[in-house]
>>> print(open('protein-v6.cif').read())   # mmCIF, C-alpha atoms
data_protein
loop_
_atom_site.label_atom_id
_atom_site.label_comp_id
_atom_site.auth_asym_id
_atom_site.auth_seq_id
_atom_site.Cartn_x
_atom_site.Cartn_y
_atom_site.Cartn_z
CA MET A 1 0.00 0.00 0.00
CA ASP A 2 1.44 3.34 -1.02
CA ASP A 3 0.53 5.54 1.91
CA LYS A 4 3.38 7.95 2.41
CA LEU A 5 3.21 10.95 4.67
CA LYS A 6 4.53 13.89 2.67
CA ILE A 7 6.05 16.75 4.64
CA GLY A 8 8.46 19.15 3.00
CA ASP A 9 10.53 17.07 0.59
CA ALA A 10 10.21 13.94 2.72
CA GLN A 11 8.00 10.95 2.03
CA LEU A 12 7.66 9.01 5.25
CA ASP A 13 6.56 5.44 5.81
CA SER A 14 6.29 5.88 9.58
CA ARG A 15 3.64 8.15 11.05
CA LEU A 16 5.10 8.08 14.53
CA PHE A 17 7.44 10.91 15.48
CA VAL A 18 9.47 10.33 18.63
CA GLY A 19 10.81 12.81 21.14
CA THR A 20 14.13 12.11 22.81
CA GLY A 21 13.53 13.80 26.19
CA LYS A 22 13.38 12.14 29.61
CA PHE A 23 15.06 8.85 28.73
CA ALA A 24 17.03 7.46 31.66
CA ASP A 25 19.96 6.82 29.31
CA TYR A 26 20.72 8.20 25.84
CA LYS A 27 21.82 4.68 24.88
CA LEU A 28 18.14 3.68 24.81
CA ILE A 29 17.39 6.13 22.03
CA PRO A 30 18.82 4.17 19.06
CA GLU A 31 16.92 1.10 20.31
CA VAL A 32 13.71 3.10 20.67
CA ILE A 33 14.11 4.48 17.15
CA LYS A 34 14.60 0.99 15.78
CA ALA A 35 11.70 -0.58 17.72
CA SER A 36 9.26 2.22 16.89
CA LYS A 37 10.38 2.42 13.21
CA THR A 38 10.17 6.19 13.52
CA GLN A 39 11.81 8.35 10.85
CA VAL A 40 11.51 11.72 12.62
CA VAL A 41 12.98 12.51 16.03
CA THR A 42 12.98 15.73 18.01
CA VAL A 43 16.00 17.18 19.77
CA ALA A 44 16.63 20.35 21.74
CA LEU A 45 19.45 22.89 21.98
CA ARG A 46 21.12 23.92 25.21
CA ARG A 47 24.07 25.99 26.31
CA VAL A 48 27.08 23.82 27.03
CA ASP A 49 27.77 23.69 30.74
CA PHE A 50 31.35 22.53 31.21
CA ASP A 51 30.76 22.03 34.93
CA ILE A 52 27.88 19.62 34.29
CA PRO A 53 28.70 18.00 30.94
CA ALA A 54 25.74 16.59 29.04
CA GLU A 55 26.12 14.03 26.31
CA ASN A 56 25.66 15.30 22.77
CA MET A 57 22.50 13.86 21.24
CA LEU A 58 24.01 13.94 17.75
CA GLU A 59 26.15 10.94 18.70
CA TYR A 60 23.04 8.80 19.15
CA LEU A 61 21.18 9.66 15.95
CA SER A 62 21.91 7.93 12.68
CA SER A 63 21.72 9.83 9.42
CA ASP A 64 18.65 7.93 8.18
CA VAL A 65 16.30 9.69 10.62
CA ILE A 66 15.17 13.26 10.14
CA MET A 67 16.24 15.47 13.02
CA MET A 68 13.60 17.94 14.04
CA PRO A 69 15.12 20.40 16.50
CA ASN A 70 12.59 22.13 18.71
CA THR A 71 12.70 25.69 19.95
CA SER A 72 12.03 24.78 23.56
CA GLY A 73 12.98 27.53 25.93
CA ALA A 74 11.73 30.20 23.52
CA ARG A 75 9.24 32.58 25.12
CA ASN A 76 8.61 34.72 22.07
CA THR A 77 8.96 34.82 18.28
CA GLU A 78 12.42 36.33 18.32
CA GLU A 79 13.87 33.64 20.57
CA ALA A 80 12.24 30.85 18.57
CA VAL A 81 13.68 32.22 15.32
CA LYS A 82 17.12 32.53 16.86
CA ILE A 83 17.08 28.94 18.12
CA ALA A 84 15.80 27.65 14.78
CA ARG A 85 18.60 29.35 12.84
CA ILE A 86 21.28 27.99 15.15
CA ALA A 87 19.72 24.53 14.98
CA ARG A 88 19.70 24.50 11.20
CA ALA A 89 23.28 25.67 10.97
CA ALA A 90 24.36 23.04 13.45
CA SER A 91 22.32 20.06 12.31
CA GLY A 92 22.00 20.60 8.58
CA SER A 93 18.31 19.74 9.00
CA ASN A 94 15.85 22.37 7.85
CA TRP A 95 13.02 20.85 9.86
CA VAL A 96 12.01 22.73 12.98
CA LYS A 97 9.34 22.25 15.60
CA ILE A 98 8.28 25.69 16.75
CA GLU A 99 7.52 25.73 20.43
CA VAL A 100 6.91 29.10 22.07
CA ILE A 101 5.92 28.82 25.71
CA SER A 102 5.73 31.41 28.43
CA ASP A 103 3.21 29.62 30.66
CA GLN A 104 5.24 27.53 33.07
CA LYS A 105 2.31 25.85 34.82
CA TYR A 106 0.61 24.08 31.92
CA LEU A 107 3.31 24.67 29.29
CA LEU A 108 0.61 25.75 26.87
CA PRO A 109 1.98 27.20 23.63
CA ASP A 110 1.57 30.83 22.60
CA ASN A 111 -0.22 30.55 19.26
CA PHE A 112 0.19 34.25 18.44
CA GLU A 113 3.97 34.30 18.82
CA THR A 114 4.15 30.91 17.09
CA ILE A 115 2.34 32.16 13.97
CA LYS A 116 4.84 35.01 13.62
CA ALA A 117 7.76 32.59 13.96
CA VAL A 118 6.25 30.25 11.34
CA GLU A 119 6.02 33.12 8.87
CA ILE A 120 9.64 34.21 9.32
CA LEU A 121 11.11 30.71 9.21
CA ALA A 122 9.00 29.40 6.33
CA LYS A 123 10.27 32.32 4.23
CA GLU A 124 13.81 31.27 5.11
CA GLY A 125 13.20 27.80 3.71
CA PHE A 126 12.56 25.90 6.91
CA VAL A 127 10.12 22.99 7.04
CA VAL A 128 8.12 24.41 9.92
CA LEU A 129 5.97 22.28 12.22
CA PRO A 130 4.31 24.47 14.86
CA TYR A 131 3.26 23.03 18.22
CA MET A 132 -0.02 24.75 19.04
CA SER A 133 -3.17 24.90 21.14
CA PRO A 134 -5.84 23.41 18.89
CA ASP A 135 -7.60 26.51 17.62
CA LEU A 136 -9.01 26.58 14.09
CA MET A 137 -8.33 30.24 13.36
CA ALA A 138 -4.77 30.06 14.67
CA ALA A 139 -4.21 26.95 12.55
CA LYS A 140 -5.50 28.79 9.46
CA HIS A 141 -3.05 31.60 10.13
CA MET A 142 -0.27 29.02 10.43
CA VAL A 143 -1.25 27.54 7.07
CA ASP A 144 -1.14 31.02 5.50
CA ALA A 145 2.22 31.65 7.18
CA GLY A 146 3.72 28.63 5.45
CA ALA A 147 3.58 25.79 7.98
CA ALA A 148 4.35 22.29 6.65
CA ALA A 149 2.07 20.59 9.19
CA ILE A 150 0.06 21.58 12.26
CA MET A 151 0.81 20.00 15.63
CA PRO A 152 -2.01 20.49 18.15
CA LEU A 153 -1.59 19.23 21.70
CA GLY A 154 -3.68 16.33 22.99
CA ALA A 155 -3.08 17.27 26.63
CA PRO A 156 -0.40 19.35 28.36
CA ILE A 157 3.20 18.23 27.73
CA GLY A 158 4.37 15.27 29.74
CA THR A 159 1.00 14.50 31.34
CA ASN A 160 0.23 11.18 29.60
CA ARG A 161 -3.44 12.12 29.85
CA GLY A 162 -4.46 11.34 26.30
CA LEU A 163 -6.59 13.09 23.71
CA LYS A 164 -8.31 15.63 25.95
CA THR A 165 -8.62 18.04 23.01
CA ARG A 166 -10.31 15.42 20.80
CA GLU A 167 -13.20 17.60 19.57
CA LEU A 168 -10.97 20.52 18.64
CA VAL A 169 -8.47 18.27 16.88
CA LYS A 170 -11.34 16.80 14.84
CA VAL A 171 -12.19 20.30 13.66
CA LEU A 172 -8.61 20.83 12.53
CA ILE A 173 -8.60 17.53 10.65
CA ALA A 174 -11.82 18.51 8.91
CA GLU A 175 -10.90 22.07 8.03
CA ILE A 176 -7.13 22.26 7.60
CA ASP A 177 -5.55 21.05 4.39
CA LEU A 178 -2.22 20.12 5.98
CA PRO A 179 -1.12 17.08 7.98
CA ILE A 180 -2.44 17.28 11.55
CA ILE A 181 -0.02 15.72 14.01
CA VAL A 182 -1.04 15.35 17.65
CA ASP A 183 1.93 16.37 19.74
CA ALA A 184 1.95 16.13 23.54
CA GLY A 185 -0.28 14.37 25.99
CA ILE A 186 -0.64 10.99 24.34
CA GLY A 187 0.04 8.48 27.10
CA ARG A 188 -0.90 5.10 25.68
CA PRO A 189 -0.77 3.33 22.34
CA SER A 190 -4.59 3.09 22.30
CA GLU A 191 -4.75 6.91 22.36
CA ALA A 192 -2.29 7.13 19.49
CA ALA A 193 -4.41 4.64 17.56
CA GLU A 194 -7.52 6.74 18.27
CA ALA A 195 -5.83 9.88 16.94
CA MET A 196 -4.89 8.01 13.78
CA GLU A 197 -8.41 6.56 13.37
CA MET A 198 -9.78 10.11 13.61
CA GLY A 199 -7.64 11.07 10.63
CA CYS A 200 -4.53 12.56 12.16
CA ALA A 201 -1.60 12.28 9.77
CA ALA A 202 0.85 11.30 12.51
CA VAL A 203 1.45 11.56 16.24
CA LEU A 204 4.48 12.72 18.20
CA VAL A 205 5.18 10.74 21.37
CA ASN A 206 7.89 11.26 23.95
CA THR A 207 7.01 10.99 27.65
CA ALA A 208 4.80 7.92 27.22
CA ILE A 209 7.71 5.98 25.73
CA ALA A 210 10.51 7.48 27.82
CA THR A 211 8.78 6.93 31.17
CA ALA A 212 7.56 3.38 30.51
CA ASP A 213 9.26 0.64 32.53
CA ASP A 214 10.43 -0.84 29.24
CA PRO A 215 10.77 2.09 26.81
CA VAL A 216 11.90 -0.07 23.89
CA LEU A 217 8.89 -2.38 24.14
CA MET A 218 6.59 0.64 24.53
CA ALA A 219 8.18 2.20 21.43
CA GLU A 220 7.32 -0.93 19.47
CA ALA A 221 3.76 -0.84 20.87
CA PHE A 222 3.33 2.77 19.76
CA GLY A 223 4.69 1.98 16.31
CA GLN A 224 2.15 -0.81 15.90
CA ALA A 225 -0.72 1.27 17.31
CA VAL A 226 -0.04 4.13 14.91
CA GLU A 227 0.16 1.76 11.96
CA SER A 228 -3.01 0.02 13.09
CA GLY A 229 -4.91 3.28 13.61
CA ARG A 230 -3.86 4.51 10.19
CA LYS A 231 -5.06 1.33 8.50
CA ALA A 232 -8.37 1.62 10.36
CA PHE A 233 -8.79 5.20 9.14
CA LEU A 234 -8.02 4.23 5.55
CA SER A 235 -10.36 1.25 5.70
CA GLY A 236 -13.37 3.43 6.62
CA PRO A 237 -14.92 2.18 9.90
CA GLY A 238 -18.54 1.00 9.73
CA ALA A 239 -21.45 2.97 11.18
CA THR A 240 -22.52 2.69 14.82
CA ALA A 241 -26.07 1.68 15.82
CA GLU A 242 -28.18 1.91 19.00
CA LEU A 243 -29.71 -1.55 18.71
CA ALA A 244 -28.06 -4.87 18.13
CA LYS A 245 -27.76 -6.31 14.67
CA ALA A 246 -26.94 -10.00 14.63
CA SER A 247 -23.72 -11.05 13.03
CA SER A 248 -24.88 -14.64 12.81
CA PRO A 249 -28.20 -15.98 11.53
CA LEU A 250 -30.74 -16.26 14.37
CA THR A 251 -33.27 -18.26 12.46
CA GLY A 252 -32.18 -21.84 12.77
CA PHE A 253 -33.29 -25.38 12.78
CA LEU A 254 -34.28 -25.78 16.46
CA ARG A 255 -37.69 -24.22 16.21
CA ASN A 256 -40.22 -23.53 13.52
CA GLU A 257 -40.88 -19.79 13.78
CA MET B 1 42.01 39.77 27.41
CA LEU B 2 38.45 39.39 28.58
CA ILE B 3 35.68 37.79 26.56
CA LYS B 4 32.21 36.66 27.58
CA ILE B 5 31.30 33.00 27.44
CA ALA B 6 27.61 32.37 28.07
CA GLY B 7 27.47 35.82 29.63
CA ASP B 8 30.34 35.16 32.07
CA GLU B 9 33.54 37.18 31.75
CA THR B 10 36.47 34.89 31.04
CA GLU B 11 40.18 35.71 30.76
CA ILE B 12 41.92 34.19 27.75
CA PRO B 13 45.34 34.83 26.19
CA ASP B 14 45.58 37.47 23.44
CA GLY B 15 45.49 36.11 19.89
CA PHE B 16 43.49 33.03 20.87
CA SER B 17 41.51 31.34 18.12
CA ILE B 18 38.17 29.65 18.63
CA LYS B 19 39.94 26.34 18.06
CA GLN B 20 42.31 27.08 20.94
CA LEU B 21 39.43 28.12 23.16
CA MET B 22 37.59 24.90 22.37
CA ARG B 23 40.70 22.86 23.15
CA LEU B 24 41.11 24.73 26.42
CA LYS B 25 37.51 23.90 27.29
CA GLY B 26 37.82 20.29 26.16
CA ALA B 27 34.86 20.80 23.84
CA ALA B 28 33.90 18.38 21.07
CA ASP B 29 33.71 19.35 17.39
CA ASN B 30 29.94 18.93 17.23
CA ILE B 31 29.36 21.87 19.54
CA VAL B 32 27.86 24.97 17.98
CA VAL B 33 29.87 28.16 18.41
CA VAL B 34 28.01 31.45 18.18
CA LEU B 35 30.37 34.44 18.10
CA ASN B 36 28.69 37.82 18.53
CA GLY B 37 25.49 36.38 17.13
CA ASP B 38 27.08 34.60 14.12
CA ILE B 39 27.44 30.84 13.92
CA ILE B 40 31.04 29.80 13.27
CA GLY B 41 31.31 26.38 11.60
CA ALA B 42 33.94 23.97 12.93
CA GLU B 43 35.91 24.36 9.69
CA ASN B 44 36.47 28.03 10.55
CA TRP B 45 37.45 27.62 14.19
CA THR B 46 41.20 27.69 13.50
CA GLY B 47 41.02 30.78 11.32
CA THR B 48 38.72 32.80 13.57
CA MET B 49 40.59 34.87 16.16
CA LEU B 50 38.90 36.12 19.29
CA ASN B 51 38.97 39.79 20.25
CA ALA B 52 38.48 41.51 23.58
CA ASN B 53 34.80 41.80 24.60
CA ASP B 54 33.69 39.13 22.14
CA GLU B 55 30.56 37.32 23.20
CA VAL B 56 30.70 33.56 22.74
CA GLU B 57 27.86 31.10 23.16
CA LEU B 58 28.56 27.36 23.07
CA ILE B 59 25.53 25.26 22.29
CA GLN B 60 24.89 21.56 21.81
CA PHE B 61 22.06 19.24 20.92
CA VAL B 62 20.49 17.49 23.87
CA ALA B 63 17.43 15.34 24.45
CA GLY B 64 14.11 17.06 23.94
CA GLY B 65 10.54 16.39 22.91
#
>>> encode(input="protein-v6.cif", output="C-alpha cells")
Amino acid sequence: MDDKLKIGDAQLDSRLFVGTGKFADYKLIPEVIKASKTQVVTVALRRVDFDIPAENMLEYLSSDVIMMPNTSGARNTEEAVKIARIARAASGSNWVKIEVISDQKYLLPDNFETIKAVEILAKEGFVVLPYMSPDLMAAKHMVDAGAAAIMPLGAPIGTNRGLKTRELVKVLIAEIDLPIIVDAGIGRPSEAAEAMEMGCAAVLVNTAIATADDPVLMAEAFGQAVESGRKAFLSGPGATAELAKASSPLTGFLRNE
Amino acid sequence: MLIKIAGDETEIPDGFSIKQLMRLKGAADNIVVVLNGDIIGAENWTGTMLNANDEVELIQFVAGG
C-alpha cells in the first residue's frame, strides 16, 4: 500500500514521530528508534555547561532519521527564530518544531507568537511544524504563514493524559488542508491509535515511551498502534447503531418460527 | 584579554583562536559556536581569532521532545 506521509521534501513510511527527552539513558534512544520504526525525532538545543557536561544527542542519531530540533525555551517569536537558525546551521536539517511557551504551569503554547515565527522561518526555507493549542483560526493563520504541518496538543506536555482536546483536533482535521499531528499528551498506544483513526496524519510521542518501565517495548507498541490506527482510518470504519444487529443468523433449525 | 562565554567574563590569552578556546575547554567538534550572534562552523574555528569583549555562546544538541 502506497501511503506515504509527505512533509516538505520527505515521504515518510512511519507516522510516529518520537521525542528524545526524559530517557534514563541516551543509549536507549537508538533502540527506541529501531523498535518504533520512527523516521523523525525531536531534539533540543542547550548551552554547554562545562561544569555539568551533558552528552551530545548527535552521537546517538543515525543519518537515516530526520532530526527535528525544537525551539524549547523560547518565550517569544524572536527567541524561537534565533534557536531555529542555530539549529539548522548546526544540524543541517531544515526541519524545525516551533515551540513558544511562556506559561510555566501548563506549558501551553503561545499561538500568536508561534504564527509570527512560522512566517519568518518558512520564508527562510525551513520545514516548519508548529506546536499549538488546537484553535481553528490560529491553525489557518499558520497555514497562510507557510507551515508544513500543524501540531495540536492532545493534553499538556508530559502528562500522559491522552486526547483531551479530541473535539478541537477533529475540527482541525476537517478544516485544515495540511497534515495534523497530535503532539503532547498521548500516554498510551490506544490513544495514538484513536488519533490516527480520527484522521490525524501522525502523532508525536515522547514521555509515554521514555517513562515506561520498558521504553523499547513501549516504542514498538506505539509503532504498531499508529500503523493500526492509520489502517483503520483508511479502511473506513462502519457505522454505529443503537440496537443490536446479529452477526450470525438467528433463524435456525431448532424451532419452527 | 576578557571575553564573555555564556554571559560570564572569562580571561583568555591574546590572539586566541576559537579552536584554541575549544581545546582549552575540552569541547567536542559537534558543539555549535556562536560568536557575537554569528554561527562559526567547525571548519572556521582555527582561522577565527577572538577579540576583547567578544561574546561567545557554546551550544549543543540534547534530548528534547
>>> resolve_selection(input="protein-v6.cif", expression="the PyMOL selection byres ((chain B and resi 63) around 12)", output="PyMOL selection string")
(chain A and resi 18-29+41-46+54-61+67-70+72+206-207+210) or (chain B and resi 60-62+64-65)
>>> closest_residue(input="protein-v6.cif", among="B:Val34, B:Ile40, B:Leu58, B:Met49", to="Ser17 (chain B)", atoms="only C-alpha atoms")
B:Met49
>>> atom_distance(input="protein-v6.cif", atom1="CA of Val65 (chain A)", atom2="CA of Val40 (chain A)")
5.6 Å
>>> closest_residue(input="protein-v6.cif", among="B:Ala6, B:Leu24, B:Ile12, B:Ile18", to="Thr48 (chain B)", atoms="only C-alpha atoms")
B:Ile18
>>> residues_near_point(input="protein-v6.cif", point="(25.3, 39.4, 15.3)", cutoff="12 Å", atoms="all atoms listed in the file", output="ChimeraX atom specification")
/A:82 /B:34-40,54-57
>>> closest_residue(input="protein-v6.cif", among="B:Met22, B:Glu11, B:Leu50, B:Phe16", to="chain A", atoms="all atoms listed in the file")
B:Met22
>>> closest_residue(input="protein-v6.cif", among="A:Pro215, A:Gly158, A:Gly125, A:Pro189", to="chain B", atoms="all atoms listed in the file")
A:Gly158
>>> resolve_selection(input="protein-v6.cif", expression="the PyMOL selection byres ((chain B and resi 52) around 6)", output="list in words")
Met1, Leu2, Ile3, Asn51, Asn53 and Asp54 of chain B
>>> write_last_selection(input="protein-v6.cif", atoms="C-alpha atoms", output="PDB file, keeping the file's coordinate frame")
ATOM      1  CA  MET B   1      42.010  39.770  27.410  1.00  0.00           C
ATOM      2  CA  LEU B   2      38.450  39.390  28.580  1.00  0.00           C
ATOM      3  CA  ILE B   3      35.680  37.790  26.560  1.00  0.00           C
ATOM      4  CA  ASN B  51      38.970  39.790  20.250  1.00  0.00           C
ATOM      5  CA  ASN B  53      34.800  41.800  24.600  1.00  0.00           C
ATOM      6  CA  ASP B  54      33.690  39.130  22.140  1.00  0.00           C
TER       7      ASP B  54
END
>>> build_atoms(input="protein-v6.cif", residues="region 3-29 of chain A", atoms="N, CA and C atoms", output="mmCIF file, in the coordinates of the input")
data_model
loop_
_atom_site.group_PDB
_atom_site.id
_atom_site.type_symbol
_atom_site.label_atom_id
_atom_site.label_comp_id
_atom_site.auth_asym_id
_atom_site.auth_seq_id
_atom_site.Cartn_x
_atom_site.Cartn_y
_atom_site.Cartn_z
ATOM 1 N N ASP A 3 1.172 4.575 1.014
ATOM 2 C CA ASP A 3 0.530 5.540 1.910
ATOM 3 C C ASP A 3 1.609 6.353 2.610
ATOM 4 N N LYS A 4 2.282 7.164 1.851
ATOM 5 C CA LYS A 4 3.380 7.950 2.410
ATOM 6 C C LYS A 4 2.841 9.234 3.028
ATOM 7 N N LEU A 5 3.496 9.645 4.092
ATOM 8 C CA LEU A 5 3.210 10.950 4.670
ATOM 9 C C LEU A 5 4.202 11.940 4.063
ATOM 10 N N LYS A 6 3.658 12.920 3.349
ATOM 11 C CA LYS A 6 4.530 13.890 2.670
ATOM 12 C C LYS A 6 4.616 15.178 3.488
ATOM 13 N N ILE A 7 5.811 15.484 3.916
ATOM 14 C CA ILE A 7 6.050 16.750 4.640
ATOM 15 C C ILE A 7 7.351 17.330 4.090
ATOM 16 N N GLY A 8 7.280 18.569 3.639
ATOM 17 C CA GLY A 8 8.460 19.150 3.000
ATOM 18 C C GLY A 8 8.826 18.289 1.805
ATOM 19 N N ASP A 9 10.089 17.935 1.684
ATOM 20 C CA ASP A 9 10.530 17.070 0.590
ATOM 21 C C ASP A 9 10.487 15.599 0.980
ATOM 22 N N ALA A 10 10.132 15.317 2.226
ATOM 23 C CA ALA A 10 10.210 13.940 2.720
ATOM 24 C C ALA A 10 8.940 13.152 2.424
ATOM 25 N N GLN A 11 9.125 11.877 2.159
ATOM 26 C CA GLN A 11 8.000 10.950 2.030
ATOM 27 C C GLN A 11 8.235 9.863 3.065
ATOM 28 N N LEU A 12 7.402 9.863 4.088
ATOM 29 C CA LEU A 12 7.660 9.010 5.250
ATOM 30 C C LEU A 12 6.760 7.781 5.259
ATOM 31 N N ASP A 13 7.352 6.658 5.624
ATOM 32 C CA ASP A 13 6.560 5.440 5.810
ATOM 33 C C ASP A 13 5.980 5.394 7.226
ATOM 34 N N SER A 14 6.748 5.913 8.188
ATOM 35 C CA SER A 14 6.290 5.880 9.580
ATOM 36 C C SER A 14 5.542 7.170 9.915
ATOM 37 N N ARG A 15 4.438 6.996 10.632
ATOM 38 C CA ARG A 15 3.640 8.150 11.050
ATOM 39 C C ARG A 15 3.771 8.391 12.553
ATOM 40 N N LEU A 16 4.803 7.838 13.119
ATOM 41 C CA LEU A 16 5.100 8.080 14.530
ATOM 42 C C LEU A 16 6.377 8.912 14.629
ATOM 43 N N PHE A 17 6.258 10.091 15.196
ATOM 44 C CA PHE A 17 7.440 10.910 15.480
ATOM 45 C C PHE A 17 7.782 10.685 16.955
ATOM 46 N N VAL A 18 9.069 10.636 17.254
ATOM 47 C CA VAL A 18 9.470 10.330 18.630
ATOM 48 C C VAL A 18 10.328 11.446 19.201
ATOM 49 N N GLY A 19 9.991 11.831 20.418
ATOM 50 C CA GLY A 19 10.810 12.810 21.140
ATOM 51 C C GLY A 19 11.870 12.110 21.953
ATOM 52 N N THR A 20 13.003 12.774 22.152
ATOM 53 C CA THR A 20 14.130 12.110 22.810
ATOM 54 C C THR A 20 14.307 12.521 24.270
ATOM 55 N N GLY A 21 13.387 13.329 24.809
ATOM 56 C CA GLY A 21 13.530 13.800 26.190
ATOM 57 C C GLY A 21 13.222 12.725 27.216
ATOM 58 N N LYS A 22 13.750 12.926 28.419
ATOM 59 C CA LYS A 22 13.380 12.140 29.610
ATOM 60 C C LYS A 22 13.816 10.685 29.627
ATOM 61 N N PHE A 23 14.596 10.237 28.660
ATOM 62 C CA PHE A 23 15.060 8.850 28.730
ATOM 63 C C PHE A 23 16.129 8.755 29.826
ATOM 64 N N ALA A 24 16.093 7.647 30.563
ATOM 65 C CA ALA A 24 17.030 7.460 31.660
ATOM 66 C C ALA A 24 18.463 7.425 31.128
ATOM 67 N N ASP A 25 18.632 6.971 29.886
ATOM 68 C CA ASP A 25 19.960 6.820 29.310
ATOM 69 C C ASP A 25 19.863 7.074 27.804
ATOM 70 N N TYR A 26 20.742 7.932 27.285
ATOM 71 C CA TYR A 26 20.720 8.200 25.840
ATOM 72 C C TYR A 26 20.907 6.923 25.023
ATOM 73 N N LYS A 27 21.551 5.928 25.620
ATOM 74 C CA LYS A 27 21.820 4.680 24.880
ATOM 75 C C LYS A 27 20.527 3.980 24.471
ATOM 76 N N LEU A 28 19.431 4.290 25.160
ATOM 77 C CA LEU A 28 18.140 3.680 24.810
ATOM 78 C C LEU A 28 17.599 4.234 23.492
ATOM 79 N N ILE A 29 18.032 5.426 23.144
ATOM 80 C CA ILE A 29 17.390 6.130 22.030
ATOM 81 C C ILE A 29 17.540 5.401 20.686
#
